[in-house]
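Below is one structure, written out as structure tokens; the observations come after it.
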Amino acid sequence: MYSVKFNSEVNQIEDVHQIKIDVPWAVKNVSLYLFTIKEKNVLFDSGLDMGNWGKIFFSALNDISLTIQDIDYCFISHNHSDHVGLAGTLKQKNPNLKILMHDITSKTLKWENESQNLNELEQEAKKVAFQMIKYGFNEKQAERVVQFFSYWPKFRKYQKPDIILHDGDRILEDLEVIWTPGHSFGHICVFNTKKKFLFSGDHILSRITPHIGNYIIPKFLTEQYEGYDFNNILKHYLNSLDRIDKLNPKIIFPAHQEIIYNPHKRISEIKEHHKNRLAEISRVIKNNPLTPLKISQIHFGDLDDMNSFLALSEVLGHLFFLENQDLVKSVEKNGKILYYS
């Protein structure tokens with residue numbers, strides 16, 4: 001993976017520079033955004049830390065006559081490796097640059113990166129794996145879940161933020177922080193209230209819907225966010241879509257795929273997608289109790305272990321949403337949890 005060579009292009013949309021770097025997997029590209037506000041240069045997200053990614057990014061900066069020394073702020077949308085990857089390198093090269101991220105993102109990354117927490121992380125992963133067995137996984141698939149949660153944090157190095165963000169914070173007066181849990185618990189979008197531009201990270205994409213699922217939540221975080229339902233993540237995601245729609249953004253700048261010039265239409269499409277998925281899941285289990293794994297196989301087909309987990313996680317997010325509304329029920333039978341409507 002580290003030998004991969006990346007290619008980039010720089011586009012200007014109004015007064016926003018899109019640094020679009022192609023990758024040969026998943027969603028095909030990662031976009032960072034650079035713009036100026038109140039005479040400060042602001043970067044949204046920090047990209048990957050692998051291969052020649054950093055070199056390509058710094059070259060792209062040079063193409064728009066800037067260096068890392070010219071950047072004043074860098075927002076991190078969430079804790080995934082293609083968004084937080086270069087944060088430490090940027091800070092090392094420019095100590096005056098301010099790194100900003102949500103409180104949950106900061107605390108989660110810090111917890112994952114502290115060696116004294118590795119045992120706790122593994123134990124929490126085993127708890128998730130045990131639950132996945134109840135949802136239909138076999139022992140081998142459950143072991144892969146533990147490996148997944150133990151492996152990926154190694155690609156997410158913690159860079160202590162200079163500014164901890166919370167929902168509704170204002171930066172440079174015109175940039176509003178919008179907490180948008182769904183794809184990750186600490187995910188944020190940034191809204192330019194004057195330009196009506198939304199920098200959406202993975203929250204809103206042009207062609208696909210971001211993965212909505214449930215992951216490991218450190219115990220200390222559930223205690224600090226007491227009263228917050230970490231299980232019903234789809235509810236939070238849909239609510240934040242409505243919230244963004246009410247802001248009436250002019251353009252949405254996503255982390256992957258294409259710029260969105262009709263935000264209301266795209267938001268409506270995503271909401272319709274989840275409405276259809278909820279209806280389909282309800283239809284499949286009507287008077288027909290099934291494990292979440294079986295539901296995911298019907299919905300997504302046969303997948304490898306990793307994608308099977310993501311599919312199962314996505315289905316669980318929808319089942320928990322339906323269960324919260326008392327539209328589906330669950331029953332345990334022979335060590336497996338079955339859902340039915």
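Note on naming: chains are A, B, ... as they come in the structure tokens, residues start from 1 per chain, ligands start from 1 in the order shown.
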Which of region 223-283 of chain A fall in strand (DSSP E), as an NGL selection string: :A and (251-254)
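For the pair CA of Pro292 (chain A) and CA of Glu269 (chain A), the interatomic distance is 25.0 Å.
CA of Gln325 (chain A) sits 23.3 Å away from CA of Ile244 (chain A).
Minimum distance to Lys40 (chain A) across A:Arg170, A:His183, A:Lys98, A:Lys127 (counting only C-alpha atoms) occurs at A:Lys98.
Once Asn288 (chain A) and its same-chain neighbours fewer than 5 positions away are set aside, Tyr339, Tyr340 and Ser341 of chain A remain within 9 Å of it when counting only C-alpha atoms.
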Include N, CA and C atoms and write out the residues we just selected as a PDB file, in the first residue's frame.
ATOM      1  N   TYR A 339     -34.505 -10.092  14.384  1.00  0.00           N
ATOM      2  CA  TYR A 339     -35.394  -8.926  14.278  1.00  0.00           C
ATOM      3  C   TYR A 339     -36.575  -9.260  13.391  1.00  0.00           C
ATOM      4  N   TYR A 340     -37.730  -8.678  13.749  1.00  0.00           N
ATOM      5  CA  TYR A 340     -38.933  -8.912  12.938  1.00  0.00           C
ATOM      6  C   TYR A 340     -39.859  -7.694  13.062  1.00  0.00           C
ATOM      7  N   SER A 341     -40.737  -7.558  12.086  1.00  0.00           N
ATOM      8  CA  SER A 341     -41.749  -6.491  12.120  1.00  0.00           C
ATOM      9  C   SER A 341     -43.123  -7.100  11.942  1.00  0.00           C
TER      10      SER A 341
END
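If you count only C-alpha atoms and ignore residues fewer than 3 places along the chain from Ser268 (chain A), what sits within 12 Å of it is Ile204, Ser206, Thr209, Leu238, Leu241, Asp242, Ile244, Asp245, Lys246, Asn262, Pro263, His264, Lys265, Lys271, Glu272, His273, His274 and Lys275 of chain A.
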Looking only at alpha helix (DSSP H) from DSSP on the backbone, list the matching residues of region 57-135 of chain A as number ranges by chain. A: 57-63, 81-84, 87-93, 103-113, 118-134
Can you write out as a Markdown table which residues of region 226-306 of chain A fall within 9 Å of region 130-139 of chain A, alongside each residue's closest atom pair and its distance in Å to one decimal, counting only C-alpha atoms and ordering rows by chain and ascending residue number?
| residue | atom | partner | partner_atom | distance |
| --- | --- | --- | --- | --- |
| A:Thr291 | CA | A:Tyr135 | CA | 5.5 |
| A:Pro292 | CA | A:Tyr135 | CA | 5.4 |
| A:Leu293 | CA | A:Gly136 | CA | 5.1 |
| A:Lys294 | CA | A:Gly136 | CA | 7.2 |
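In terms of minimum interatomic distance to Phe199 (chain A), A:Ile252 ranks closest within A:Met306, A:Ile252, A:Ile216, A:Leu121, counting only C-alpha atoms.
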Give me the residues near Ser313 (chain A) as a PyMOL selection string, where near means some atom within 9 Å (using only C-alpha atoms) and where sequence neighbours in that chain fewer than 6 positions away do not count. chain A and resi 211-215+292+296
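Using only C-alpha atoms, the protein and nucleic acid residues lying no more than 8 Å from Lys250 (chain A), apart from those fewer than 4 places from it along its own chain, are Lys195, Lys196, Phe197, Leu198, Tyr261, Asn262 and Pro263 of chain A.
The nearest approach to Leu172 (chain A) among the residues A:Ile233, A:Leu290, A:Ile37, A:Leu48, with only C-alpha atoms taken into account, belongs to A:Ile37.
Using only C-alpha atoms, the shortest contact distance between Leu338 (chain A) and any of A:Lys286, A:Lys157, A:Lys28, A:His299 is found at A:Lys286.
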